[in-house]
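Q: My structure is in coords.pdb, and what it holds is PDB, C-alpha atoms:
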ATOM      1  CA  MET Q  52     -26.022  33.573 -29.845
ATOM      2  CA  GLN Q  53     -22.302  34.044 -30.404
ATOM      3  CA  ALA Q  54     -20.977  37.236 -28.804
ATOM      4  CA  GLU Q  55     -17.806  38.902 -27.588
ATOM      5  CA  LEU Q  56     -17.663  39.130 -23.825
ATOM      6  CA  SER Q  57     -15.382  39.206 -20.817
ATOM      7  CA  VAL Q  58     -15.753  36.356 -18.334
ATOM      8  CA  LEU Q  59     -14.782  36.626 -14.674
ATOM      9  CA  PHE Q  60     -14.215  33.830 -12.181
ATOM     10  CA  VAL Q  61     -13.417  34.551  -8.515
ATOM     11  CA  ASP Q  62     -12.643  31.799  -6.028
ATOM     12  CA  VAL Q  63     -11.863  31.609  -2.324
ATOM     13  CA  ARG Q  64      -8.382  30.277  -1.582
ATOM     14  CA  GLY Q  65      -7.969  27.696   1.173
ATOM     15  CA  PHE Q  66     -11.713  27.153   1.537
ATOM     16  CA  THR Q  67     -11.416  23.467   2.435
ATOM     17  CA  GLU Q  68      -8.941  24.271   5.213
ATOM     18  CA  LEU Q  69     -11.199  27.073   6.430
ATOM     19  CA  SER Q  70     -14.154  24.647   6.423
ATOM     20  CA  GLU Q  71     -12.287  22.381   8.819
ATOM     21  CA  ARG Q  72     -11.437  25.229  11.145
ATOM     22  CA  LEU Q  73     -14.626  27.307  11.330
ATOM     23  CA  PRO Q  74     -18.029  26.293  12.636
ATOM     24  CA  ALA Q  75     -20.481  25.856   9.742
ATOM     25  CA  PRO Q  76     -22.683  28.864  10.653
ATOM     26  CA  GLU Q  77     -19.655  31.179  10.677
ATOM     27  CA  LEU Q  78     -18.365  29.728   7.411
ATOM     28  CA  VAL Q  79     -21.761  30.228   5.763
ATOM     29  CA  ALA Q  80     -21.962  33.801   7.078
ATOM     30  CA  ARG Q  81     -18.568  34.594   5.548
ATOM     31  CA  LEU Q  82     -19.486  32.873   2.298
ATOM     32  CA  ASN Q  83     -22.727  34.863   2.122
ATOM     33  CA  ARG Q  84     -20.753  38.078   2.645
ATOM     34  CA  PHE Q  85     -18.393  37.050  -0.206
ATOM     35  CA  TYR Q  86     -21.393  36.428  -2.467
ATOM     36  CA  GLU Q  87     -22.888  39.782  -1.486
ATOM     37  CA  LEU Q  88     -19.697  41.720  -2.208
ATOM     38  CA  ALA Q  89     -19.164  39.900  -5.499
ATOM     39  CA  THR Q  90     -22.749  40.470  -6.593
ATOM     40  CA  GLN Q  91     -22.575  44.178  -5.749
ATOM     41  CA  ALA Q  92     -19.370  44.625  -7.754
ATOM     42  CA  VAL Q  93     -20.630  42.661 -10.777
ATOM     43  CA  LEU Q  94     -23.906  44.565 -10.909
ATOM     44  CA  ALA Q  95     -22.208  47.938 -10.310
ATOM     45  CA  PHE Q  96     -20.255  47.390 -13.533
ATOM     46  CA  ASP Q  97     -23.280  46.119 -15.521
ATOM     47  CA  GLY Q  98     -22.200  42.488 -15.479
ATOM     48  CA  THR Q  99     -24.345  39.388 -15.431
ATOM     49  CA  LEU Q 100     -23.974  37.197 -12.372
ATOM     50  CA  ASP Q 101     -23.945  33.722 -13.901
ATOM     51  CA  LYS Q 102     -23.310  31.332 -11.022
ATOM     52  CA  MET Q 103     -22.369  31.022  -7.388
ATOM     53  CA  VAL Q 104     -21.035  27.503  -6.915
ATOM     54  CA  GLY Q 105     -19.436  26.459  -3.658
ATOM     55  CA  ASP Q 106     -16.821  29.110  -3.000
ATOM     56  CA  GLN Q 107     -16.714  30.445  -6.567
ATOM     57  CA  VAL Q 108     -18.505  33.173  -8.517
ATOM     58  CA  MET Q 109     -18.812  33.343 -12.316
ATOM     59  CA  ALA Q 110     -19.936  36.501 -14.099
ATOM     60  CA  PHE Q 111     -19.727  37.909 -17.598
ATOM     61  CA  PHE Q 112     -19.712  41.380 -19.077
ATOM     62  CA  GLY Q 113     -20.918  42.493 -22.496
ATOM     63  CA  PRO Q 114     -24.107  40.699 -23.448
ATOM     64  CA  PRO Q 115     -26.941  41.208 -22.859
ATOM     65  CA  PHE Q 116     -26.101  44.876 -22.096
ATOM     66  CA  ARG Q 117     -23.282  45.074 -24.664
ATOM     67  CA  PRO Q 118     -21.190  47.894 -23.244
ATOM     68  CA  LYS Q 119     -18.193  48.263 -25.517
ATOM     69  CA  ASP Q 120     -15.862  48.589 -22.550
ATOM     70  CA  HIS Q 121     -16.683  45.161 -21.081
ATOM     71  CA  PRO Q 122     -12.992  44.246 -20.496
ATOM     72  CA  ARG Q 123     -12.576  47.359 -18.323
ATOM     73  CA  ARG Q 124     -15.794  46.632 -16.456
ATOM     74  CA  ALA Q 125     -14.735  43.033 -15.764
ATOM     75  CA  VAL Q 126     -11.293  44.119 -14.524
ATOM     76  CA  ARG Q 127     -12.725  46.833 -12.270
ATOM     77  CA  ALA Q 128     -15.273  44.421 -10.819
ATOM     78  CA  ALA Q 129     -12.580  41.796 -10.184
ATOM     79  CA  LEU Q 130     -10.266  44.255  -8.458
ATOM     80  CA  ASP Q 131     -13.137  45.543  -6.315
ATOM     81  CA  ILE Q 132     -14.112  42.005  -5.313
ATOM     82  CA  VAL Q 133     -10.567  40.898  -4.487
ATOM     83  CA  ALA Q 134      -9.868  44.055  -2.470
ATOM     84  CA  SER Q 135     -13.173  44.155  -0.591
ATOM     85  CA  VAL Q 136     -13.373  40.439   0.189
ATOM     86  CA  GLY Q 137      -9.791  40.377   1.450
ATOM     87  CA  SER Q 138     -10.582  43.085   3.966
ATOM     88  CA  MET Q 139     -14.162  42.169   4.857
ATOM     89  CA  ASP Q 140     -13.445  41.250   8.461
ATOM     90  CA  ALA Q 141     -11.801  43.406  11.074
ATOM     91  CA  ASP Q 142     -10.393  40.330  12.797
ATOM     92  CA  GLY Q 143      -8.108  39.530   9.859
ATOM     93  CA  GLU Q 144     -10.147  36.468   8.946
ATOM     94  CA  GLY Q 145     -11.345  37.724   5.578
ATOM     95  CA  PHE Q 146     -11.330  35.295   2.699
ATOM     96  CA  ARG Q 147      -8.337  35.259   0.410
ATOM     97  CA  VAL Q 148      -9.518  35.213  -3.199
ATOM     98  CA  GLY Q 149      -8.000  35.034  -6.666
ATOM     99  CA  ALA Q 150      -9.600  35.871  -9.995
ATOM    100  CA  GLY Q 151      -9.241  35.141 -13.688
ATOM    101  CA  ILE Q 152     -10.654  37.064 -16.660
ATOM    102  CA  GLY Q 153     -10.817  36.181 -20.326
ATOM    103  CA  THR Q 154     -12.137  38.185 -23.273
ATOM    104  CA  GLY Q 155     -13.287  36.646 -26.533
ATOM    105  CA  GLU Q 156     -16.133  35.006 -28.410
ATOM    106  CA  ALA Q 157     -18.503  32.595 -26.675
ATOM    107  CA  PHE Q 158     -22.027  31.277 -26.878
ATOM    108  CA  VAL Q 159     -24.376  33.215 -24.602
ATOM    109  CA  GLY Q 160     -27.877  31.945 -23.991
ATOM    110  CA  ASN Q 161     -29.961  29.184 -22.509
ATOM    111  CA  VAL Q 162     -28.580  25.669 -22.305
ATOM    112  CA  GLY Q 163     -30.537  22.653 -21.185
ATOM    113  CA  GLU Q 164     -33.903  21.268 -22.146
ATOM    114  CA  GLU Q 165     -37.409  20.954 -20.807
ATOM    115  CA  GLY Q 166     -37.594  22.044 -17.170
ATOM    116  CA  VAL Q 167     -33.863  22.516 -16.591
ATOM    117  CA  ARG Q 168     -32.376  25.562 -18.302
ATOM    118  CA  ASP Q 169     -29.478  27.809 -17.472
ATOM    119  CA  PHE Q 170     -28.646  31.201 -19.006
ATOM    120  CA  THR Q 171     -24.866  31.089 -19.282
ATOM    121  CA  ALA Q 172     -21.768  31.584 -21.420
ATOM    122  CA  ILE Q 173     -19.920  28.632 -22.951
ATOM    123  CA  GLY Q 174     -16.728  28.482 -24.987
ATOM    124  CA  ASP Q 175     -12.953  28.393 -24.931
ATOM    125  CA  VAL Q 176     -12.664  31.860 -23.383
ATOM    126  CA  VAL Q 177     -14.889  30.738 -20.490
ATOM    127  CA  ASN Q 178     -12.749  27.662 -19.862
ATOM    128  CA  THR Q 179      -9.561  29.716 -20.096
ATOM    129  CA  ALA Q 180     -10.844  32.306 -17.600
ATOM    130  CA  ALA Q 181     -11.743  29.498 -15.188
ATOM    131  CA  ARG Q 182      -8.248  28.008 -15.521
ATOM    132  CA  LEU Q 183      -6.671  31.438 -14.934
ATOM    133  CA  GLN Q 184      -8.673  31.825 -11.749
ATOM    134  CA  GLY Q 185      -7.323  28.475 -10.615
ATOM    135  CA  GLU Q 186      -3.757  29.736 -11.097
ATOM    136  CA  ALA Q 187      -4.243  33.128  -9.429
ATOM    137  CA  LYS Q 188      -2.600  33.595  -6.072
ATOM    138  CA  PRO Q 189      -4.517  35.279  -3.250
ATOM    139  CA  GLY Q 190      -5.015  38.928  -4.151
ATOM    140  CA  GLU Q 191      -4.216  38.403  -7.838
ATOM    141  CA  VAL Q 192      -6.332  38.928 -10.919
ATOM    142  CA  LEU Q 193      -4.903  37.079 -13.931
ATOM    143  CA  ILE Q 194      -6.137  38.401 -17.268
ATOM    144  CA  MET Q 195      -5.715  37.225 -20.842
ATOM    145  CA  GLU Q 196      -3.879  39.508 -23.260
ATOM    146  CA  THR Q 197      -7.189  40.103 -25.082
ATOM    147  CA  THR Q 198      -8.510  41.544 -21.820
ATOM    148  CA  TYR Q 199      -5.333  43.480 -21.107
ATOM    149  CA  LEU Q 200      -5.051  45.343 -24.411
ATOM    150  CA  PRO Q 201      -8.100  47.581 -23.846
ATOM    151  CA  VAL Q 202      -7.011  48.380 -20.262
ATOM    152  CA  ALA Q 203      -3.230  48.540 -20.778
ATOM    153  CA  ALA Q 204      -3.117  52.301 -20.249
ATOM    154  CA  ASP Q 205      -4.649  51.813 -16.790
ATOM    155  CA  PHE Q 206      -2.044  49.173 -15.837
ATOM    156  CA  PRO Q 207       1.081  49.930 -17.907
ATOM    157  CA  ASP Q 208       3.427  48.023 -15.593
ATOM    158  CA  ALA Q 209       1.342  44.849 -15.227
ATOM    159  CA  PRO Q 210       3.795  41.940 -15.207
ATOM    160  CA  GLN Q 211       3.378  39.242 -17.818
ATOM    161  CA  ARG Q 212       3.427  35.501 -17.155
ATOM    162  CA  SER Q 213       3.176  32.542 -19.460
ATOM    163  CA  LEU Q 214       1.051  29.761 -18.014
ATOM    164  CA  THR Q 215       0.623  26.160 -19.065
ATOM    165  CA  LEU Q 216      -3.061  25.509 -18.462
ATOM    166  CA  LYS Q 217      -4.782  22.141 -18.330
ATOM    167  CA  GLY Q 218      -6.490  21.404 -21.634
ATOM    168  CA  LYS Q 219      -4.677  24.157 -23.568
ATOM    169  CA  SER Q 220      -2.290  23.081 -26.320
ATOM    170  CA  GLU Q 221      -0.057  26.179 -26.020
ATOM    171  CA  PRO Q 222       1.124  28.288 -23.088
ATOM    172  CA  VAL Q 223      -1.184  31.234 -22.391
ATOM    173  CA  PRO Q 224       0.331  34.705 -21.888
ATOM    174  CA  VAL Q 225      -1.395  36.584 -19.084
ATOM    175  CA  ARG Q 226      -1.027  39.826 -17.165
ATOM    176  CA  VAL Q 227      -1.033  39.983 -13.396
ATOM    177  CA  LEU Q 228      -2.996  42.667 -11.570
ATOM    178  CA  ASN Q 229      -2.961  43.004  -7.796
ATOM    179  CA  ALA Q 230      -5.810  44.462  -5.784
ATOM    180  CA  ARG Q 231      -4.680  47.361  -3.622
TER     181      ARG Q 231
END
How does the structure come out when it is put into structure tokens?
A:
Amino acid sequence: MQAELSVLFVDVRGFTELSERLPAPELVARLNRFYELATQAVLAFDGTLDKMVGDQVMAFFGPPFRPKDHPRRAVRAALDIVASVGSMDADGEGFRVGAGIGTGEAFVGNVGEEGVRDFTAIGDVVNTAARLQGEAKPGEVLIMETTYLPVAADFPDAPQRSLTLKGKSEPVPVRVLNAR
């Protein structure tokens, strides 16, 4: 089905470098803690946890629950994740993460055939959110203007950037939110 939603991607920064430095059991323990914190935040704001791939989490808000305030829920979840993951270890070795959020129309449903199916969201807004996440600096949440408009009153001073994203024909205006 085609539906309006907000898509969130969160990714660990410097994961490859961290993988070289930390013993595998410690790296996995930290990664599991990241997944736990991300899952808690997504579910607390009625999101759907779509995927955990490597050092990245994808979630979407809206369908199947359809809360009208899905952009706000996605932003709140992202800020919670970025803030909590960045401070998850007392020794200062918490992961540094960045996030991207897009709001718009996408296909939501099962893809795949026979024995391999995946309930997911697919469309331009999903790809754009993923690209935004790739551009976010540690501690940043980059959001599309379509995500920002419904939450602008909460973040009236959010700086604007214009980003040239791979695969996009035009620069994309975004707002920058920082987790506190």
Q: Suppose you want the space between CA of Phe96 (chain Q) and CA of Phe111 (chain Q); what is it in Å?
A: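 Separation between CA of Phe96 (chain Q) and CA of Phe111 (chain Q): 10.3 Å.
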Q: For the file shown, report as a ChimeraX atom specification the outcome of the PyMOL selection byres ((chain Q and resi 113) around 12) at residue level.
A: /Q:53-59,93,96-100,110-112,114-125,154-157,159,172
Q: Give me the residues within 6 Å of Gln107 (chain Q) as a list in words, counting only C-alpha atoms and dropping any in the same chain fewer than 2 places off.
A: Val61, Asp62, Met103, Val104 and Gly105 of chain Q
Q: Figure out the distance between CA of Ser70 (chain Q) and CA of Thr171 (chain Q), please, to one decimal in Å.
A: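 Computing the Euclidean distance for CA of Thr171 (chain Q) and CA of Ser70 (chain Q) yields 28.6 Å.
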Q: Ranking Q:Gly163, Q:Gly149, Q:Pro210, Q:Pro76 by minimum distance to Val225 (chain Q) and counting only C-alpha atoms, which one comes first?
A: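 Between Q:Gly163, Q:Gly149, Q:Pro210, Q:Pro76, the residue approaching Val225 (chain Q) most closely is Q:Pro210.
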Q: For region 210-217 of chain Q, I'd like the enclosing box, axis-aligned and padded by 3 Å on every side, reported as AutoDock Vina command-line options with centre and edge lengths in Å to one decimal.
A:
--center_x -0.5 --center_y 32.0 --center_z -17.3 --size_x 14.6 --size_y 25.8 --size_z 10.3
Q: Which residue, Q:Ala209, Q:Pro222, Q:Leu88, Q:Lys102, has the smallest gap to Phe170 (chain Q) when you use all atoms listed in the file?
A: Q:Lys102
Q: As an exercise, work out the distance from CA of Arg81 (chain Q) to CA of Ala180 (chain Q) in Å and give it to one decimal place.
A: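 Those two atoms sit 24.5 Å apart.
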Q: Report as number ranges by chain the full result of the PyMOL selection byres ((chain Q and resi 184-198) around 7) when it is applied to this structure.
A: Q: 60-62, 64, 122, 129, 133, 147-154, 180-183, 199-201, 224-230
Q: Compile the contact shell of Phe85 (chain Q) as a list in words: residues with an atom at most 9 Å away, counting all atoms listed in the file, same-chain residues fewer than 4 positions apart removed.
A: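 After dropping sequence-adjacent residues, the list is Val63, Ala80, Arg81, Ala89, Thr90, Asp106, Ile132, Ser135, Val136, Met139 and Phe146 of chain Q.
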Q: Ranking Q:Thr67, Q:Asn83, Q:Thr179, Q:Asn161 by minimum distance to Met52 (chain Q) and counting only C-alpha atoms, which one comes first?
A: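 Distance minimum relative to Met52 (chain Q) lands on Q:Asn161.
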